[in-house]
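J.: Data file work15.cif (mmCIF, C-alpha atoms) is appended below.
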```cif
data_query
#
loop_
_atom_site.label_atom_id
_atom_site.label_comp_id
_atom_site.auth_asym_id
_atom_site.auth_seq_id
_atom_site.Cartn_x
_atom_site.Cartn_y
_atom_site.Cartn_z
CA MET A 1 -50.08 5.01 -106.57
CA LYS A 2 -50.01 8.28 -108.45
CA LEU A 3 -52.19 8.79 -111.48
CA LEU A 4 -49.22 8.51 -113.88
CA GLU A 5 -48.14 5.24 -112.28
CA LEU A 6 -51.69 3.90 -112.59
CA PHE A 7 -51.73 4.90 -116.26
CA ILE A 8 -48.44 3.06 -116.88
CA ALA A 9 -49.70 0.00 -115.02
CA SER A 10 -52.92 -0.11 -117.05
CA SER A 11 -51.17 0.54 -120.38
CA LYS A 12 -48.72 -2.35 -120.02
CA PRO A 13 -51.26 -5.17 -120.65
CA VAL A 14 -52.68 -3.23 -123.60
CA VAL A 15 -49.21 -2.91 -125.15
CA GLU A 16 -48.60 -6.62 -124.59
CA THR A 17 -51.90 -7.44 -126.26
CA LEU A 18 -51.15 -5.18 -129.23
CA LEU A 19 -47.73 -6.76 -129.74
CA ILE A 20 -49.06 -10.33 -129.70
CA THR A 21 -52.09 -9.32 -131.81
CA SER A 22 -49.79 -7.77 -134.40
CA VAL A 23 -47.85 -11.04 -134.58
CA GLY A 24 -51.10 -12.92 -135.20
CA PHE A 25 -52.11 -10.32 -137.80
CA TYR A 26 -48.76 -10.75 -139.60
CA LEU A 27 -48.91 -14.55 -139.54
CA ALA A 28 -52.40 -14.40 -141.10
CA LEU A 29 -51.27 -12.38 -144.14
CA ASP A 30 -51.56 -14.19 -147.46
CA ARG A 31 -47.85 -13.94 -148.19
CA VAL A 32 -46.99 -15.55 -144.83
CA ASN A 33 -50.02 -17.84 -144.45
CA LEU A 34 -48.94 -19.46 -141.18
CA LEU A 35 -52.17 -18.49 -139.44
CA GLY A 36 -54.68 -18.69 -142.26
CA PRO A 37 -58.36 -19.61 -141.85
CA ASP A 38 -57.68 -23.34 -141.51
CA ALA A 39 -54.78 -22.85 -139.09
CA ARG A 40 -56.86 -20.47 -136.96
CA LYS A 41 -59.70 -22.99 -136.93
CA HIS A 42 -57.42 -25.78 -135.68
CA LEU A 43 -55.72 -23.54 -133.12
CA ASN A 44 -59.11 -22.32 -131.95
CA ASN A 45 -60.21 -25.93 -131.41
CA ILE A 46 -57.11 -26.57 -129.29
CA VAL A 47 -57.87 -23.46 -127.23
CA PHE A 48 -61.53 -24.43 -126.91
CA TYR A 49 -61.00 -28.05 -125.89
CA VAL A 50 -57.60 -27.98 -124.12
CA PHE A 51 -56.10 -24.60 -123.17
CA SER A 52 -59.18 -22.75 -121.88
CA PRO A 53 -60.56 -25.62 -119.73
CA SER A 54 -57.08 -26.16 -118.26
CA LEU A 55 -56.68 -22.46 -117.47
CA ILE A 56 -60.13 -22.12 -115.94
CA GLY A 57 -59.98 -25.37 -114.00
CA SER A 58 -56.55 -24.72 -112.48
CA ARG A 59 -57.17 -21.06 -111.58
CA LEU A 60 -60.70 -21.47 -110.25
CA ALA A 61 -60.02 -24.55 -108.14
CA ASP A 62 -57.05 -22.81 -106.55
CA SER A 63 -58.92 -19.62 -105.62
CA VAL A 64 -62.53 -20.58 -104.91
CA THR A 65 -63.78 -21.38 -101.43
CA TYR A 66 -67.22 -21.30 -99.85
CA GLU A 67 -66.44 -17.91 -98.30
CA SER A 68 -65.22 -16.40 -101.56
CA LEU A 69 -68.23 -17.78 -103.43
CA VAL A 70 -70.60 -16.12 -100.97
CA LYS A 71 -68.64 -12.88 -101.31
CA MET A 72 -69.00 -12.96 -105.11
CA TRP A 73 -72.80 -13.24 -105.16
CA PHE A 74 -73.11 -9.82 -106.82
CA MET A 75 -70.99 -10.84 -109.82
CA PRO A 76 -73.73 -12.71 -111.78
CA VAL A 77 -76.05 -9.77 -111.13
CA ASN A 78 -73.39 -7.39 -112.40
CA VAL A 79 -72.80 -9.39 -115.58
CA MET A 80 -76.55 -9.55 -116.19
CA LEU A 81 -76.74 -5.75 -115.81
CA THR A 82 -74.02 -5.31 -118.45
CA PHE A 83 -76.19 -7.30 -120.88
CA ILE A 84 -79.40 -5.44 -120.00
CA ILE A 85 -77.91 -1.93 -120.14
CA GLY A 86 -75.96 -2.79 -123.29
CA SER A 87 -79.15 -4.03 -124.94
CA LEU A 88 -80.95 -0.78 -124.12
CA LEU A 89 -78.04 1.25 -125.50
CA GLY A 90 -77.98 -0.93 -128.62
CA TRP A 91 -81.68 -0.34 -129.16
CA ILE A 92 -81.08 3.42 -128.94
CA VAL A 93 -78.32 3.06 -131.56
CA ILE A 94 -80.79 1.25 -133.83
CA VAL A 95 -83.47 3.91 -133.40
CA ILE A 96 -81.00 6.71 -134.21
CA THR A 97 -78.96 5.13 -137.03
CA LYS A 98 -81.75 2.99 -138.64
CA PRO A 99 -79.60 0.08 -139.91
CA PRO A 100 -80.95 -2.70 -142.17
CA SER A 101 -83.32 -5.03 -140.34
CA HIS A 102 -81.01 -8.06 -140.57
CA LEU A 103 -78.27 -6.15 -138.69
CA ARG A 104 -80.37 -5.06 -135.71
CA GLY A 105 -79.55 -8.17 -133.69
CA LEU A 106 -75.83 -7.81 -134.44
CA ILE A 107 -75.74 -4.17 -133.31
CA ILE A 108 -77.67 -4.82 -130.08
CA SER A 109 -75.50 -7.86 -129.35
CA SER A 110 -72.29 -5.88 -129.98
CA CYS A 111 -73.43 -3.36 -127.37
CA ALA A 112 -74.68 -5.98 -124.90
CA SER A 113 -72.20 -8.88 -124.97
CA GLY A 114 -68.70 -8.06 -123.78
CA ASN A 115 -65.46 -10.01 -123.98
CA LEU A 116 -65.45 -11.28 -120.40
CA GLY A 117 -62.79 -13.88 -121.16
CA THR A 118 -59.75 -13.00 -123.25
CA MET A 119 -59.29 -9.33 -122.32
CA PRO A 120 -59.64 -9.65 -118.50
CA LEU A 121 -57.47 -12.79 -118.58
CA ILE A 122 -54.73 -10.66 -120.17
CA ILE A 123 -55.26 -7.46 -118.16
CA ILE A 124 -55.50 -8.84 -114.62
CA PRO A 125 -52.18 -10.80 -114.51
CA ALA A 126 -50.26 -7.95 -116.15
CA ILE A 127 -51.57 -5.38 -113.66
CA CYS A 128 -50.96 -7.71 -110.71
CA LYS A 129 -47.29 -8.16 -111.70
CA GLU A 130 -46.62 -4.42 -111.51
CA LYS A 131 -44.47 -3.54 -108.50
CA GLY A 132 -46.26 -1.41 -105.94
CA GLY A 133 -49.63 -2.09 -107.57
CA PRO A 134 -52.89 -1.09 -105.89
CA PHE A 135 -54.00 -4.69 -105.30
CA GLY A 136 -51.34 -5.97 -102.89
CA ASP A 137 -48.71 -8.63 -103.55
CA ALA A 138 -48.55 -10.05 -107.05
CA GLU A 139 -49.15 -13.71 -106.11
CA SER A 140 -52.37 -13.15 -104.15
CA CYS A 141 -53.59 -10.56 -106.66
CA GLU A 142 -53.19 -12.91 -109.62
CA LYS A 143 -54.62 -15.89 -107.71
CA TYR A 144 -57.85 -14.20 -106.66
CA GLY A 145 -58.11 -11.91 -109.69
CA MET A 146 -57.97 -14.86 -112.08
CA GLY A 147 -60.55 -16.63 -109.94
CA TYR A 148 -62.94 -13.70 -110.32
CA VAL A 149 -62.34 -13.53 -114.07
CA THR A 150 -62.70 -17.25 -114.77
CA LEU A 151 -65.92 -17.43 -112.75
CA SER A 152 -67.50 -14.50 -114.61
CA MET A 153 -66.20 -15.80 -117.94
CA THR A 154 -67.61 -19.32 -117.67
CA GLN A 155 -70.55 -19.33 -115.31
CA MET A 156 -72.14 -16.06 -116.42
CA GLY A 157 -70.63 -14.77 -119.66
CA THR A 158 -70.92 -18.03 -121.58
CA VAL A 159 -74.42 -18.85 -120.33
CA TYR A 160 -75.80 -15.37 -121.02
CA SER A 161 -74.17 -15.26 -124.45
CA TRP A 162 -75.50 -18.58 -125.67
CA THR A 163 -79.01 -18.14 -124.24
CA TYR A 164 -79.92 -14.46 -124.35
CA ILE A 165 -77.64 -13.11 -127.10
CA TYR A 166 -77.96 -16.18 -129.33
CA ASN A 167 -81.76 -16.09 -129.30
CA LEU A 168 -81.83 -12.30 -129.55
CA MET A 169 -79.85 -12.44 -132.80
CA ARG A 170 -81.99 -15.30 -134.06
CA VAL A 171 -85.29 -13.54 -133.35
CA LEU A 172 -84.27 -10.13 -134.72
CA SER A 173 -82.74 -11.59 -137.87
CA ASN A 174 -86.12 -13.27 -138.57
CA SER A 175 -88.29 -10.42 -137.31
CA PRO A 176 -89.70 -9.31 -140.71
CA VAL A 177 -91.13 -12.78 -141.32
CA GLU A 178 -92.42 -13.12 -137.77
CA THR A 179 -94.07 -9.70 -137.95
CA GLN A 180 -95.90 -10.69 -141.12
CA HIS A 181 -97.16 -13.86 -139.47
CA SER A 182 -98.33 -11.97 -136.40
CA VAL A 183 -100.27 -9.53 -138.59
CA GLU A 184 -101.98 -12.37 -140.41
CA SER A 185 -102.75 -14.03 -137.09
CA ASN A 186 -104.27 -10.85 -135.70
CA TYR A 187 -106.36 -10.43 -138.86
CA ASN A 188 -107.68 -13.97 -138.58
CA SER A 189 -108.47 -13.49 -134.90
CA CYS A 190 -110.63 -10.47 -135.73
CA LYS A 191 -113.00 -12.51 -137.90
CA VAL A 192 -116.41 -13.20 -136.29
CA PRO A 193 -117.38 -16.91 -136.56
CA LEU A 194 -121.02 -17.50 -137.65
CA ILE A 195 -121.68 -20.57 -135.49
CA SER A 196 -124.12 -21.54 -132.74
CA SER A 197 -123.34 -21.32 -129.02
CA LYS A 198 -122.98 -25.12 -128.71
CA GLU A 199 -120.58 -25.26 -131.59
CA GLU A 200 -118.78 -22.28 -130.12
CA GLU A 201 -118.36 -24.10 -126.79
CA GLU A 202 -116.97 -27.18 -128.54
CA GLU A 203 -114.63 -24.97 -130.52
CA ASP A 204 -113.46 -23.23 -127.33
CA ASN A 205 -112.58 -26.60 -125.81
CA HIS A 206 -110.75 -27.51 -128.98
CA ASN A 207 -108.90 -24.19 -128.93
CA LYS A 208 -107.83 -24.76 -125.30
CA VAL A 209 -106.34 -28.10 -126.28
CA GLY A 210 -104.84 -26.48 -129.34
CA ARG A 211 -103.29 -23.70 -127.29
CA TRP A 212 -101.76 -26.22 -124.88
CA GLU A 213 -100.29 -28.18 -127.78
CA LYS A 214 -98.93 -24.97 -129.29
CA LEU A 215 -97.36 -24.04 -125.96
CA LYS A 216 -95.71 -27.45 -125.71
CA GLN A 217 -94.46 -27.10 -129.29
CA ARG A 218 -92.99 -23.68 -128.53
CA VAL A 219 -91.19 -24.97 -125.43
CA VAL A 220 -89.77 -27.91 -127.39
CA SER A 221 -88.79 -25.61 -130.26
CA LEU A 222 -87.05 -23.22 -127.89
CA SER A 223 -85.13 -26.03 -126.21
CA GLU A 224 -83.98 -27.24 -129.62
CA LYS A 225 -82.85 -23.79 -130.72
CA VAL A 226 -80.89 -23.02 -127.54
CA ASP A 227 -77.41 -24.41 -128.10
CA LEU A 228 -76.93 -26.46 -124.93
CA ALA A 229 -73.66 -27.83 -126.28
CA SER A 230 -72.28 -24.29 -126.35
CA ILE A 231 -73.61 -23.46 -122.87
CA PHE A 232 -72.02 -26.61 -121.43
CA ALA A 233 -68.80 -26.10 -123.32
CA PRO A 234 -65.55 -27.68 -122.06
CA ALA A 235 -64.69 -24.44 -120.25
CA THR A 236 -68.02 -24.46 -118.41
CA ILE A 237 -67.64 -28.13 -117.47
CA ALA A 238 -64.11 -27.41 -116.24
CA ALA A 239 -65.47 -24.56 -114.10
CA ILE A 240 -68.12 -26.83 -112.55
CA ILE A 241 -65.51 -29.48 -111.73
CA ALA A 242 -63.19 -26.81 -110.31
CA LEU A 243 -65.99 -25.47 -108.11
CA VAL A 244 -66.66 -28.97 -106.76
CA ILE A 245 -62.96 -29.51 -106.01
CA GLY A 246 -62.56 -26.08 -104.44
CA LEU A 247 -65.63 -26.39 -102.21
CA ILE A 248 -65.12 -29.97 -101.01
CA THR A 249 -62.25 -29.88 -98.51
CA PRO A 250 -61.00 -33.51 -98.92
CA LEU A 251 -60.77 -33.12 -102.70
CA ARG A 252 -59.09 -29.73 -102.31
CA ASN A 253 -56.48 -31.13 -99.91
CA LEU A 254 -55.86 -34.00 -102.33
CA LEU A 255 -55.21 -31.83 -105.42
CA ILE A 256 -54.53 -28.22 -104.39
CA GLY A 257 -51.52 -26.92 -102.48
CA THR A 258 -47.80 -27.51 -102.20
CA VAL A 259 -48.24 -30.57 -99.97
CA ALA A 260 -51.17 -32.15 -101.87
CA PRO A 261 -50.47 -35.80 -102.86
CA LEU A 262 -51.83 -35.28 -106.39
CA ARG A 263 -50.55 -31.72 -106.92
CA VAL A 264 -48.88 -32.89 -110.14
CA VAL A 265 -52.36 -32.84 -111.74
CA GLN A 266 -52.83 -29.21 -110.77
CA ASP A 267 -49.32 -28.31 -111.97
CA SER A 268 -49.94 -30.01 -115.33
CA LEU A 269 -53.23 -28.17 -115.83
CA THR A 270 -51.56 -24.88 -114.93
CA LEU A 271 -48.80 -25.56 -117.48
CA LEU A 272 -51.38 -26.30 -120.18
CA GLY A 273 -53.50 -23.30 -119.23
CA ASP A 274 -50.57 -20.92 -119.63
CA GLY A 275 -50.83 -21.43 -123.38
CA ALA A 276 -54.42 -20.15 -123.55
CA ILE A 277 -53.77 -16.40 -123.40
CA PRO A 278 -51.08 -16.14 -126.14
CA ALA A 279 -53.01 -18.55 -128.38
CA MET A 280 -56.28 -16.59 -128.01
CA THR A 281 -54.48 -13.32 -128.68
CA LEU A 282 -52.84 -14.67 -131.85
CA ILE A 283 -56.24 -15.87 -133.09
CA MET A 284 -57.73 -12.44 -132.36
CA GLY A 285 -55.00 -10.79 -134.45
CA GLY A 286 -55.64 -13.15 -137.33
CA ASN A 287 -59.39 -12.57 -137.18
CA LEU A 288 -58.93 -8.79 -137.35
CA LEU A 289 -57.34 -9.20 -140.79
CA LYS A 290 -60.75 -10.21 -142.16
CA GLY A 291 -62.29 -7.07 -140.69
CA LEU A 292 -59.61 -4.95 -142.35
CA THR A 293 -60.39 -6.40 -145.77
CA MET A 294 -64.11 -5.84 -145.22
CA SER A 295 -63.76 -2.29 -143.89
CA SER A 296 -62.73 -0.96 -147.30
CA GLY A 297 -66.40 -1.19 -148.28
CA ILE A 298 -68.36 -0.30 -145.17
CA THR A 299 -71.35 0.95 -147.13
CA SER A 300 -71.43 -2.06 -149.44
CA SER A 301 -71.21 -4.40 -146.46
CA GLY A 302 -74.56 -3.06 -145.24
CA ILE A 303 -73.45 -1.23 -142.10
CA THR A 304 -72.91 2.52 -142.01
CA LYS A 305 -70.23 4.49 -140.21
CA PHE A 306 -72.92 6.01 -137.97
CA SER A 307 -73.88 2.55 -136.69
CA ILE A 308 -70.24 1.78 -135.96
CA ILE A 309 -69.83 5.10 -134.12
CA GLY A 310 -72.99 4.33 -132.15
CA VAL A 311 -71.60 0.95 -131.05
CA LEU A 312 -68.29 2.57 -130.05
CA VAL A 313 -70.02 5.29 -128.00
CA ALA A 314 -72.29 2.75 -126.31
CA ARG A 315 -69.50 0.29 -125.44
CA TYR A 316 -66.66 2.64 -124.54
CA ILE A 317 -68.40 5.70 -123.06
CA LEU A 318 -71.96 5.09 -121.87
CA LEU A 319 -71.58 1.50 -120.63
CA PRO A 320 -68.48 2.18 -118.45
CA ILE A 321 -70.16 5.26 -116.98
CA SER A 322 -73.17 3.08 -116.11
CA GLY A 323 -70.81 0.54 -114.56
CA VAL A 324 -69.23 3.16 -112.31
CA LEU A 325 -72.64 4.27 -111.06
CA ILE A 326 -73.85 0.69 -110.45
CA VAL A 327 -70.73 -0.72 -108.77
CA ARG A 328 -70.09 2.31 -106.58
CA GLY A 329 -73.78 2.47 -105.72
CA ALA A 330 -73.70 -1.21 -104.75
CA TYR A 331 -70.64 -0.52 -102.60
CA LYS A 332 -72.37 2.37 -100.82
CA LEU A 333 -75.34 0.08 -100.13
CA ASP A 334 -73.01 -2.65 -98.73
CA LEU A 335 -73.90 -5.03 -101.55
CA VAL A 336 -70.25 -5.27 -102.61
CA THR A 337 -67.24 -5.78 -100.36
CA SER A 338 -64.57 -3.11 -100.01
CA GLU A 339 -61.90 -5.28 -101.67
CA PRO A 340 -60.34 -3.11 -104.45
CA LEU A 341 -59.52 -6.03 -106.77
CA TYR A 342 -63.08 -7.38 -106.67
CA GLN A 343 -64.54 -3.94 -107.43
CA PHE A 344 -62.00 -3.46 -110.22
CA VAL A 345 -63.05 -6.72 -111.93
CA LEU A 346 -66.72 -5.70 -111.62
CA LEU A 347 -65.96 -2.32 -113.23
CA LEU A 348 -63.80 -3.88 -115.94
CA GLN A 349 -66.76 -5.97 -117.12
CA TYR A 350 -68.38 -2.76 -118.41
CA ALA A 351 -65.33 -1.54 -120.38
CA VAL A 352 -64.32 -4.54 -122.52
CA PRO A 353 -64.91 -4.77 -126.31
CA PRO A 354 -67.65 -6.99 -127.80
CA ALA A 355 -67.47 -10.76 -127.34
CA MET A 356 -65.58 -12.63 -130.04
CA ASN A 357 -68.22 -15.38 -130.18
CA LEU A 358 -70.55 -12.97 -132.02
CA GLY A 359 -68.62 -13.92 -135.16
CA THR A 360 -69.45 -17.57 -134.53
CA MET A 361 -73.14 -16.74 -134.12
CA THR A 362 -73.29 -14.75 -137.36
CA GLN A 363 -71.73 -17.73 -139.14
CA LEU A 364 -74.41 -20.01 -137.67
CA PHE A 365 -77.18 -17.73 -138.96
CA GLY A 366 -75.41 -17.02 -142.28
CA SER A 367 -76.14 -13.31 -141.95
CA GLY A 368 -74.00 -10.32 -140.99
CA GLU A 369 -70.60 -12.06 -141.12
CA SER A 370 -68.78 -9.27 -142.98
CA GLU A 371 -70.51 -6.57 -140.93
CA CYS A 372 -69.49 -8.34 -137.72
CA SER A 373 -65.86 -8.39 -138.91
CA VAL A 374 -65.99 -4.63 -139.53
CA ILE A 375 -67.46 -3.96 -136.06
CA MET A 376 -64.80 -6.17 -134.47
CA LEU A 377 -62.02 -4.36 -136.33
CA TRP A 378 -63.07 -0.92 -135.13
CA THR A 379 -64.00 -1.91 -131.58
CA TYR A 380 -60.80 -3.87 -130.97
CA SER A 381 -58.65 -1.21 -132.61
CA LEU A 382 -60.03 1.43 -130.23
CA ALA A 383 -59.96 -0.99 -127.29
CA SER A 384 -56.29 -0.10 -126.86
CA ILE A 385 -57.39 3.41 -125.85
CA SER A 386 -60.44 2.38 -123.83
CA LEU A 387 -58.64 -0.37 -121.91
CA THR A 388 -55.89 2.08 -120.96
CA LEU A 389 -57.97 5.07 -119.86
CA TRP A 390 -60.84 3.29 -118.10
CA PRO A 391 -58.70 0.85 -116.04
CA THR A 392 -56.56 3.81 -114.97
CA PHE A 393 -59.68 5.56 -113.70
CA PHE A 394 -61.04 2.36 -112.14
CA MET A 395 -57.80 1.74 -110.20
CA TRP A 396 -57.76 5.32 -108.97
CA LEU A 397 -61.41 4.98 -107.94
CA VAL A 398 -61.09 1.76 -105.93
CA ALA A 399 -57.53 2.13 -104.57
#
```
Just give me the structure of the file as structure tokens.

T.:
Amino acid sequence: MKLLELFIASSKPVVETLLITSVGFYLALDRVNLLGPDARKHLNNIVFYVFSPSLIGSRLADSVTYESLVKMWFMPVNVMLTFIIGSLLGWIVIVITKPPSHLRGLIISSCASGNLGTMPLIIIPAICKEKGGPFGDAESCEKYGMGYVTLSMTQMGTVYSWTYIYNLMRVLSNSPVETQHSVESNYNSCKVPLISSKEEEEEDNHNKVGRWEKLKQRVVSLSEKVDLASIFAPATIAAIIALVIGLITPLRNLLIGTVAPLRVVQDSLTLLGDGAIPAMTLIMGGNLLKGLTMSSGITSSGITKFSIIGVLVARYILLPISGVLIVRGAYKLDLVTSEPLYQFVLLLQYAVPPAMNLGTMTQLFGSGESECSVIMLWTYSLASISLTLWPTFFMWLVA
């Protein structure tokens, strides 16, 4: 395909997203009030418990095999690299812009955690349906492309978000208090005890027991603070079930395929899953309304325009450039197959806007909610440009 044709192909899903997002934005207005906070909450629950698991289960079970799973071994490594590089870029943004201490975790997380679910789920099918696309026939492209996306969305994106990002935001939001405690602890450790050697030996034994108890307490505390319910969300459970069905041949022949005896189950899940993308996009449009109301007072909300610019540069310029170097380098080293669609999905993981679940995390911590809404407004507003230009370049690169 020519460069202009690639640009048109990559701009179509962005235009579709903007149109549906604008509908959600309009329905969330006070004078319309069809998609207010309560309505979005209920619709989000339906997406969380019904639509997303159905979409992921039906798409993943249909596309995954043992051979394809072996071929995709680099994908979890790639997703992990997006989090690591994004965290480093976020730390640079903090050093340069010097935001308030309670916003450091939010800024690093905005740079590190990408939307590996909604945006790729919208982009991949739209690009695959384009006639004469770079990824072959539309049916095979959508089948395997959605398999790649659902696997990265559930198995890696969700786990990394609710382990690494969740605890990163928790630790950094409490860092002033923890720093004070560490200083006091260091001061106490510098005191010289005026005791005999025998007493010192007994105290050493006591300290060893004490350290072991403290270690056990820290492990228990960490396990309590990690939200296992969010890691093993319905979408993740659906992905695990889909992997089992896809990898076990008797189960696959029973449920998957045009001649499968129980194919009606697969067809029903596919029908339910088709509602996930429009519902998630409507919710995203409604959520951006909150960011618009907050953006009128960026300074008063605690986050400066320089911090927002830093997040935009990190997510939409530096991170995609890093992705190009990593994915193409992995291809040159034979770590990644030559399949264009697989490489495109790997590259796309570096160019998406921040994950929407950051808003949920800020609500859990009760800190940075308005600032998160402002960051989401600006990043998702400019995503229409980023997700047109970068996918055009990615398709040209891998085709």

J.: In Å, how far is it from atom CA of A:Asn253 to atom CA of A:Glu339?

T.: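 So the two atoms, atom CA of A:Asn253 and atom CA of A:Glu339, lie 26.5 Å apart.
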
J.: Counting only C-alpha atoms, which of A:Lys332, A:Arg170, A:Lys290, A:Arg263 gets nearest to A:Ser109?

T.: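 Ranking A:Lys332, A:Arg170, A:Lys290, A:Arg263 by distance to A:Ser109, first place goes to A:Arg170.
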
J.: What are the centre and the three edge lengths of an axis-aligned box that wraps all atoms of stretch 240-246 of chain A in the file, given that 3 Å is added to every side, written as JSON and rounded to one decimal in Å?

T.:
```
{"center_x": -65.3, "center_y": -27.5, "center_z": -108.5, "size_x": 11.6, "size_y": 10.0, "size_z": 14.1}
```

J.: Using atom CA of A:Phe393 and atom CA of A:Leu19 as the two end points, give the distance in Å to one decimal.

T.: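 The value is 23.5 Å.
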
J.: Find the distance between atom CA of A:Ser11 and atom CA of A:Val79 and write it in Å to one decimal.

T.: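 Those two atoms sit 24.3 Å apart.
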
J.: Please enumerate the residues selected by the PyMOL selection byres ((chain A and resi 70-73) around 12) when evaluated against the supplied file, formatted as an MDAnalysis selection string.

T.: chainID A and resid 64:69 74:79 144:145 147:149 151:152 156 247 334:339 341:343 345:346

J.: Taking all atoms listed in the file into account, which of A:Leu348, A:Ile122, A:Leu319, A:Leu168 comes nearest A:Glu142?

T.: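 The shortest atom-to-atom distance to A:Glu142 comes from A:Ile122.
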
J.: Write out as a PDB file with C-alpha atoms, keeping the file's coordinate frame which residues come within 9 Å of A:Val23 when counting all atoms listed in the file, dropping same-chain ones fewer than 5 positions away.

T.:
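Result went into result-v6.pdb, see below:
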```
ATOM      1  CA  LEU A  18     -51.150  -5.180-129.230  1.00  0.00           C
ATOM      2  CA  ALA A  28     -52.400 -14.400-141.100  1.00  0.00           C
ATOM      3  CA  LEU A 282     -52.840 -14.670-131.850  1.00  0.00           C
ATOM      4  CA  GLY A 285     -55.000 -10.790-134.450  1.00  0.00           C
ATOM      5  CA  GLY A 286     -55.640 -13.150-137.330  1.00  0.00           C
TER       6      GLY A 286
END
```

J.: Once the PyMOL selection byres ((chain A and resi 107) around 8) has been evaluated on this model, what residues remain selected, and can you format them as a ChimeraX atom specification?

T.: /A:90,93-94,103-106,108-111,307,311

J.: Would you list the contacts of A:Ile245 as a PyMOL selection string, taking every protein, DNA or RNA residue within 12 Å and counting all atoms listed in the file, but skipping same-chain residues closer than 4 positions in sequence?

T.: chain A and resi 57-66+238-241+249-256+266

J.: Dig up all the protein and nucleic acid residues within 12 Å of (-56.0, 5.6, -123.4) in the file frame, using all atoms listed in the file, and format them as JSON, numbers by chain.

T.: {"A": [6, 7, 8, 9, 10, 11, 12, 14, 15, 316, 381, 382, 383, 384, 385, 386, 387, 388, 389, 390, 391, 392, 393]}

J.: Give me the result of the PyMOL selection byres ((chain A and resi 129) around 12) on this file, residue by residue, as a list in words.

T.: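 Taken on the displayed file, the PyMOL selection byres ((chain A and resi 129) around 12) yields the residues Ala9, Ser10, Lys12, Pro13, Ile122, Ile123, Ile124, Pro125, Ala126, Ile127, Cys128, Glu130, Lys131, Gly132, Gly133, Pro134, Phe135, Gly136, Asp137, Ala138, Glu139, Ser140, Cys141, Glu142, Lys143 and Gly145 of chain A.
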
J.: My list of candidates is A:Asn167, A:Asn45, A:Thr236, A:Ser52. Which is closest to A:Leu272 when distances are computed with only C-alpha atoms?

T.: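 Of all the options, A:Ser52 lies closest to A:Leu272.
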
J.: Just checking: using only C-alpha atoms, which residue out of A:Pro53, A:Pro278, A:Gly36, A:Gly257 ends up closest to A:Thr150?

T.: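 Nearest to A:Thr150: A:Pro53.
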